[in-house]
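Engineer: If it helps, the file is called data_2.cif and holds mmCIF, C-alpha atoms:
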data_model
loop_
_atom_site.label_atom_id
_atom_site.label_comp_id
_atom_site.auth_asym_id
_atom_site.auth_seq_id
_atom_site.Cartn_x
_atom_site.Cartn_y
_atom_site.Cartn_z
CA MET A 108 89.73 65.54 110.48
CA LEU A 109 88.68 63.09 107.80
CA SER A 110 85.11 61.92 107.50
CA GLU A 111 82.83 60.50 104.85
CA GLU A 112 81.19 63.42 103.08
CA LYS A 113 78.73 63.79 100.22
CA LEU A 114 80.39 66.04 97.68
CA GLY A 115 76.99 67.35 96.56
CA GLU A 116 76.29 68.68 100.05
CA LEU A 117 79.68 70.41 100.20
CA ILE A 118 79.06 71.95 96.79
CA GLU A 119 75.64 73.23 97.88
CA ILE A 120 77.18 74.87 100.98
CA ALA A 121 79.89 76.51 98.85
CA LEU A 122 77.39 77.72 96.24
CA ASP A 123 75.13 79.18 98.94
CA SER A 124 78.12 81.00 100.40
CA ALA A 125 79.21 82.32 96.97
CA GLY A 126 75.69 83.41 96.03
CA PRO A 127 75.89 87.02 97.28
CA ARG A 128 79.29 87.59 95.59
CA ALA A 129 77.96 86.12 92.35
CA GLN A 130 74.82 88.24 92.48
CA ALA A 131 76.85 91.41 93.09
CA ALA A 132 79.04 90.56 90.07
CA ALA A 133 76.04 89.61 87.85
CA VAL A 134 77.41 86.05 87.61
CA GLN A 135 75.01 83.11 87.33
CA LEU A 136 75.87 79.99 89.34
CA HIS A 137 74.98 76.55 87.96
CA ARG A 138 75.50 73.02 89.24
CA GLU A 139 75.62 69.68 87.46
CA LEU A 140 75.92 66.82 89.95
CA ALA A 141 75.83 63.13 89.06
CA GLY A 142 74.46 61.09 91.97
CA ASP A 143 75.76 60.62 95.49
CA LEU A 144 79.50 61.12 95.37
CA ILE A 145 81.10 60.06 98.64
CA LEU A 146 84.57 61.24 99.62
CA GLN A 147 86.77 60.62 102.66
CA VAL A 148 87.90 64.21 103.26
CA ASP A 149 88.40 66.99 105.73
CA ALA A 150 85.12 68.82 105.03
CA GLY A 151 86.47 72.19 106.14
CA ARG A 152 89.42 71.92 103.79
CA MET A 153 87.26 70.79 100.86
CA LEU A 154 84.99 73.76 101.48
CA GLN A 155 88.12 75.93 101.37
CA VAL A 156 89.01 74.43 97.96
CA LEU A 157 85.49 75.03 96.64
CA ASP A 158 85.32 78.53 98.07
CA ASN A 159 88.61 79.52 96.49
CA LEU A 160 87.76 78.10 93.08
CA LEU A 161 84.31 79.70 93.13
CA SER A 162 85.69 83.04 94.38
CA ASN A 163 88.26 83.11 91.60
CA ALA A 164 85.71 82.14 88.96
CA ILE A 165 83.42 84.96 90.08
CA LYS A 166 86.23 87.49 90.52
CA TYR A 167 87.70 86.80 87.07
CA SER A 168 84.32 87.12 85.37
CA PRO A 169 84.18 90.90 85.83
CA ASP A 170 81.46 91.51 83.26
CA GLY A 171 79.10 88.84 84.52
CA GLY A 172 78.88 85.42 82.98
CA VAL A 173 78.30 81.89 84.15
CA VAL A 174 80.13 79.75 86.70
CA THR A 175 79.32 76.05 86.63
CA VAL A 176 80.28 73.43 89.20
CA ARG A 177 80.20 69.87 87.86
CA ALA A 178 80.89 66.63 89.70
CA TRP A 179 80.81 62.99 88.65
CA ALA A 180 82.43 59.63 89.33
CA LYS A 181 85.02 58.21 86.95
CA GLU A 182 86.45 54.76 87.64
CA GLU A 183 87.92 55.00 91.16
CA SER A 184 87.83 58.80 91.36
CA VAL A 185 85.46 61.67 91.83
CA ILE A 186 85.93 64.55 89.42
CA MET A 187 84.87 68.08 90.24
CA GLU A 188 85.14 71.04 87.88
CA VAL A 189 84.61 74.74 88.42
CA ALA A 190 84.24 76.43 85.04
CA ASP A 191 83.75 80.09 84.26
CA THR A 192 83.09 82.20 81.18
CA GLY A 193 85.48 84.88 82.40
CA MET A 194 88.67 86.49 81.15
CA GLY A 195 90.74 83.30 80.82
CA MET A 196 94.54 82.98 80.87
CA SER A 197 97.33 82.76 78.32
CA VAL A 198 99.25 79.51 77.93
CA LEU A 199 102.28 81.09 79.67
CA ASP A 200 100.15 82.23 82.62
CA GLN A 201 98.69 78.74 82.95
CA LEU A 202 102.19 77.37 83.52
CA GLU A 203 102.65 79.69 86.53
CA VAL A 204 99.18 79.68 88.06
CA PHE A 205 100.11 77.37 90.97
CA THR A 206 103.23 79.41 91.82
CA LYS A 207 103.23 81.34 95.09
CA PHE A 208 102.35 85.05 94.66
CA PHE A 209 101.79 84.69 90.88
CA ARG A 210 99.17 86.97 89.33
CA THR A 211 98.62 87.31 85.60
CA GLY A 212 99.46 90.53 83.83
CA SER A 213 95.86 91.05 82.77
CA VAL A 214 94.67 90.66 86.37
CA ARG A 215 97.20 93.22 87.62
CA LYS A 216 96.27 95.55 84.76
CA ALA A 217 92.57 95.24 85.62
CA ALA A 218 93.43 95.94 89.30
CA ILE A 219 91.56 92.84 90.47
CA PRO A 220 92.48 92.36 94.14
CA GLY A 221 94.39 89.33 95.39
CA VAL A 222 97.83 88.21 96.55
CA GLY A 223 98.41 85.06 94.51
CA LEU A 224 98.19 82.47 97.28
CA GLY A 225 94.72 80.96 96.85
CA LEU A 226 95.58 78.43 94.16
CA VAL A 227 98.81 77.42 95.91
CA ILE A 228 96.81 76.65 99.05
CA THR A 229 94.08 74.94 97.04
CA LYS A 230 96.61 72.69 95.32
CA SER A 231 98.26 71.74 98.63
CA ILE A 232 94.87 70.73 100.09
CA VAL A 233 93.96 68.66 97.03
CA VAL A 234 97.36 66.92 97.01
CA ALA A 235 97.12 66.25 100.77
CA HIS A 236 93.86 64.41 100.02
CA GLY A 237 95.57 62.17 97.47
CA GLY A 238 94.21 64.14 94.54
CA ARG A 239 95.36 66.35 91.75
CA ILE A 240 94.27 69.65 90.24
CA SER A 241 94.59 70.86 86.66
CA LEU A 242 93.18 73.58 84.46
CA GLU A 243 92.21 74.50 80.94
CA SER A 244 91.89 78.12 79.95
CA GLU A 245 91.56 80.34 76.91
CA LEU A 246 91.93 84.12 76.89
CA GLY A 247 88.57 85.82 76.56
CA VAL A 248 86.69 82.52 76.81
CA GLY A 249 87.12 81.29 80.38
CA THR A 250 88.83 78.82 82.67
CA THR A 251 88.00 75.37 84.02
CA PHE A 252 89.73 73.97 87.09
CA ARG A 253 89.47 70.20 87.52
CA VAL A 254 89.97 68.44 90.85
CA GLU A 255 90.29 64.66 90.89
CA LEU A 256 90.01 62.88 94.25
CA PRO A 257 89.88 59.21 95.21
CA CYS A 258 86.43 57.82 96.06
CA ALA A 259 85.90 57.12 99.76
CA ALA A 260 85.92 53.35 99.13
CA ASN A 261 89.36 53.64 97.53
CA ARG A 262 91.10 55.53 100.34
CA THR A 263 93.76 53.43 102.03
CA ASP A 264 95.83 56.21 103.56
CA THR A 265 95.30 58.88 106.13
CA VAL A 266 95.46 62.51 105.14
CA ALA A 267 97.06 65.30 107.10
CA ALA A 268 95.54 68.32 105.36
CA SER A 269 97.41 71.22 106.79
#
What is this file in structure tokens?
Structural biologist:
Amino acid sequence: MLSEEKLGELIEIALDSAGPRAQAAAVQLHRELAGDLILQVDAGRMLQVLDNLLSNAIKYSPDGGVVTVRAWAKEESVIMEVADTGMGMSVLDQLEVFTKFFRTGSVRKAAIPGVGLGLVITKSIVVAHGGRISLESELGVGTTFRVELPCAANRTDTVAAS
């Protein structure tokens, strides 16, 4: 069900939830939020997006590191990024990352658990909310996922986030 939500509050809930996993993995969590960012979203589904992106960022930073969640307004959108200083992905892997059951060779080699569905689900939720998701990554440097969603004032449609 759609409702007006403050993105900062959703981010805080997700970071609190990810805290124990981050601590166990020696990963530091940071946030950079610019003002009150209001979205018309299904809060449960947005928390699912945040949880998946944070879980991946922590999981793929096996030797510790930093995960940063940033959010700001840009024109008629709200931008949210989850960036890590983890293992990163090759250019070829980046092309497949939103494909069902895809897992990179380095992830399989490192025996990091997962089934390759989280980002597919995350993308479907973002798209159902009228948004888009993209990424930038470099092997050995880290990955940044960017979610762009319409501001609450700019929503004219109804979303069926399945």
Engineer: When the PyMOL selection byres ((chain A and resi 164-167) around 12) is applied to the structure above, which residues does it catch, written out as a PyMOL selection string?
Structural biologist: chain A and resi 122+125-136+157-163+168-176+188-196+210-211+213-215+217-221+226+244+246-252
Engineer: Could you expand the PyMOL selection byres ((chain A and resi 147-155) around 12) into the explicit residues it covers here, written as a PyMOL selection string?
Structural biologist: chain A and resi 108-125+144-146+156-162+184-185+187+225-226+228-238+254+256-269
Engineer: Once you have the residues from the selection above, write them out as a PDB file, in the frame of the given file, restricted to C-alpha atoms.
Structural biologist:
ATOM      1  CA  MET A 108      89.730  65.540 110.480  1.00  0.00           C
ATOM      2  CA  LEU A 109      88.680  63.090 107.800  1.00  0.00           C
ATOM      3  CA  SER A 110      85.110  61.920 107.500  1.00  0.00           C
ATOM      4  CA  GLU A 111      82.830  60.500 104.850  1.00  0.00           C
ATOM      5  CA  GLU A 112      81.190  63.420 103.080  1.00  0.00           C
ATOM      6  CA  LYS A 113      78.730  63.790 100.220  1.00  0.00           C
ATOM      7  CA  LEU A 114      80.390  66.040  97.680  1.00  0.00           C
ATOM      8  CA  GLY A 115      76.990  67.350  96.560  1.00  0.00           C
ATOM      9  CA  GLU A 116      76.290  68.680 100.050  1.00  0.00           C
ATOM     10  CA  LEU A 117      79.680  70.410 100.200  1.00  0.00           C
ATOM     11  CA  ILE A 118      79.060  71.950  96.790  1.00  0.00           C
ATOM     12  CA  GLU A 119      75.640  73.230  97.880  1.00  0.00           C
ATOM     13  CA  ILE A 120      77.180  74.870 100.980  1.00  0.00           C
ATOM     14  CA  ALA A 121      79.890  76.510  98.850  1.00  0.00           C
ATOM     15  CA  LEU A 122      77.390  77.720  96.240  1.00  0.00           C
ATOM     16  CA  ASP A 123      75.130  79.180  98.940  1.00  0.00           C
ATOM     17  CA  SER A 124      78.120  81.000 100.400  1.00  0.00           C
ATOM     18  CA  ALA A 125      79.210  82.320  96.970  1.00  0.00           C
ATOM     19  CA  LEU A 144      79.500  61.120  95.370  1.00  0.00           C
ATOM     20  CA  ILE A 145      81.100  60.060  98.640  1.00  0.00           C
ATOM     21  CA  LEU A 146      84.570  61.240  99.620  1.00  0.00           C
ATOM     22  CA  VAL A 156      89.010  74.430  97.960  1.00  0.00           C
ATOM     23  CA  LEU A 157      85.490  75.030  96.640  1.00  0.00           C
ATOM     24  CA  ASP A 158      85.320  78.530  98.070  1.00  0.00           C
ATOM     25  CA  ASN A 159      88.610  79.520  96.490  1.00  0.00           C
ATOM     26  CA  LEU A 160      87.760  78.100  93.080  1.00  0.00           C
ATOM     27  CA  LEU A 161      84.310  79.700  93.130  1.00  0.00           C
ATOM     28  CA  SER A 162      85.690  83.040  94.380  1.00  0.00           C
ATOM     29  CA  SER A 184      87.830  58.800  91.360  1.00  0.00           C
ATOM     30  CA  VAL A 185      85.460  61.670  91.830  1.00  0.00           C
ATOM     31  CA  MET A 187      84.870  68.080  90.240  1.00  0.00           C
ATOM     32  CA  GLY A 225      94.720  80.960  96.850  1.00  0.00           C
ATOM     33  CA  LEU A 226      95.580  78.430  94.160  1.00  0.00           C
ATOM     34  CA  ILE A 228      96.810  76.650  99.050  1.00  0.00           C
ATOM     35  CA  THR A 229      94.080  74.940  97.040  1.00  0.00           C
ATOM     36  CA  LYS A 230      96.610  72.690  95.320  1.00  0.00           C
ATOM     37  CA  SER A 231      98.260  71.740  98.630  1.00  0.00           C
ATOM     38  CA  ILE A 232      94.870  70.730 100.090  1.00  0.00           C
ATOM     39  CA  VAL A 233      93.960  68.660  97.030  1.00  0.00           C
ATOM     40  CA  VAL A 234      97.360  66.920  97.010  1.00  0.00           C
ATOM     41  CA  ALA A 235      97.120  66.250 100.770  1.00  0.00           C
ATOM     42  CA  HIS A 236      93.860  64.410 100.020  1.00  0.00           C
ATOM     43  CA  GLY A 237      95.570  62.170  97.470  1.00  0.00           C
ATOM     44  CA  GLY A 238      94.210  64.140  94.540  1.00  0.00           C
ATOM     45  CA  VAL A 254      89.970  68.440  90.850  1.00  0.00           C
ATOM     46  CA  LEU A 256      90.010  62.880  94.250  1.00  0.00           C
ATOM     47  CA  PRO A 257      89.880  59.210  95.210  1.00  0.00           C
ATOM     48  CA  CYS A 258      86.430  57.820  96.060  1.00  0.00           C
ATOM     49  CA  ALA A 259      85.900  57.120  99.760  1.00  0.00           C
ATOM     50  CA  ALA A 260      85.920  53.350  99.130  1.00  0.00           C
ATOM     51  CA  ASN A 261      89.360  53.640  97.530  1.00  0.00           C
ATOM     52  CA  ARG A 262      91.100  55.530 100.340  1.00  0.00           C
ATOM     53  CA  THR A 263      93.760  53.430 102.030  1.00  0.00           C
ATOM     54  CA  ASP A 264      95.830  56.210 103.560  1.00  0.00           C
ATOM     55  CA  THR A 265      95.300  58.880 106.130  1.00  0.00           C
ATOM     56  CA  VAL A 266      95.460  62.510 105.140  1.00  0.00           C
ATOM     57  CA  ALA A 267      97.060  65.300 107.100  1.00  0.00           C
ATOM     58  CA  ALA A 268      95.540  68.320 105.360  1.00  0.00           C
ATOM     59  CA  SER A 269      97.410  71.220 106.790  1.00  0.00           C
TER      60      SER A 269
END
Engineer: Could you work out how far atom CA of Ile240 of chain A lies from atom CA of Glu255 of chain A, giving the answer in Å with one decimal?
Structural biologist: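 Pair atom CA of Glu255 of chain A / atom CA of Ile240 of chain A returns 6.4 Å.
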Engineer: What does the structure give for the distance between atom CA of His137 of chain A and atom CA of Glu245 of chain A, in Å to one decimal?
Structural biologist: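 Spanning atom CA of His137 of chain A to atom CA of Glu245 of chain A is a straight-line distance of 20.3 Å.
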Engineer: Kindly give the distance, in Å, that separates atom CA of Thr206 of chain A and atom CA of Ala180 of chain A, rounded to a single decimal.
Structural biologist: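 It comes out at 28.8 Å.
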Engineer: With distances taken over only C-alpha atoms, which of A:Glu183, A:Leu202, A:Arg177, A:Gly142 is nearest to Glu243 of chain A?
Structural biologist: A:Leu202
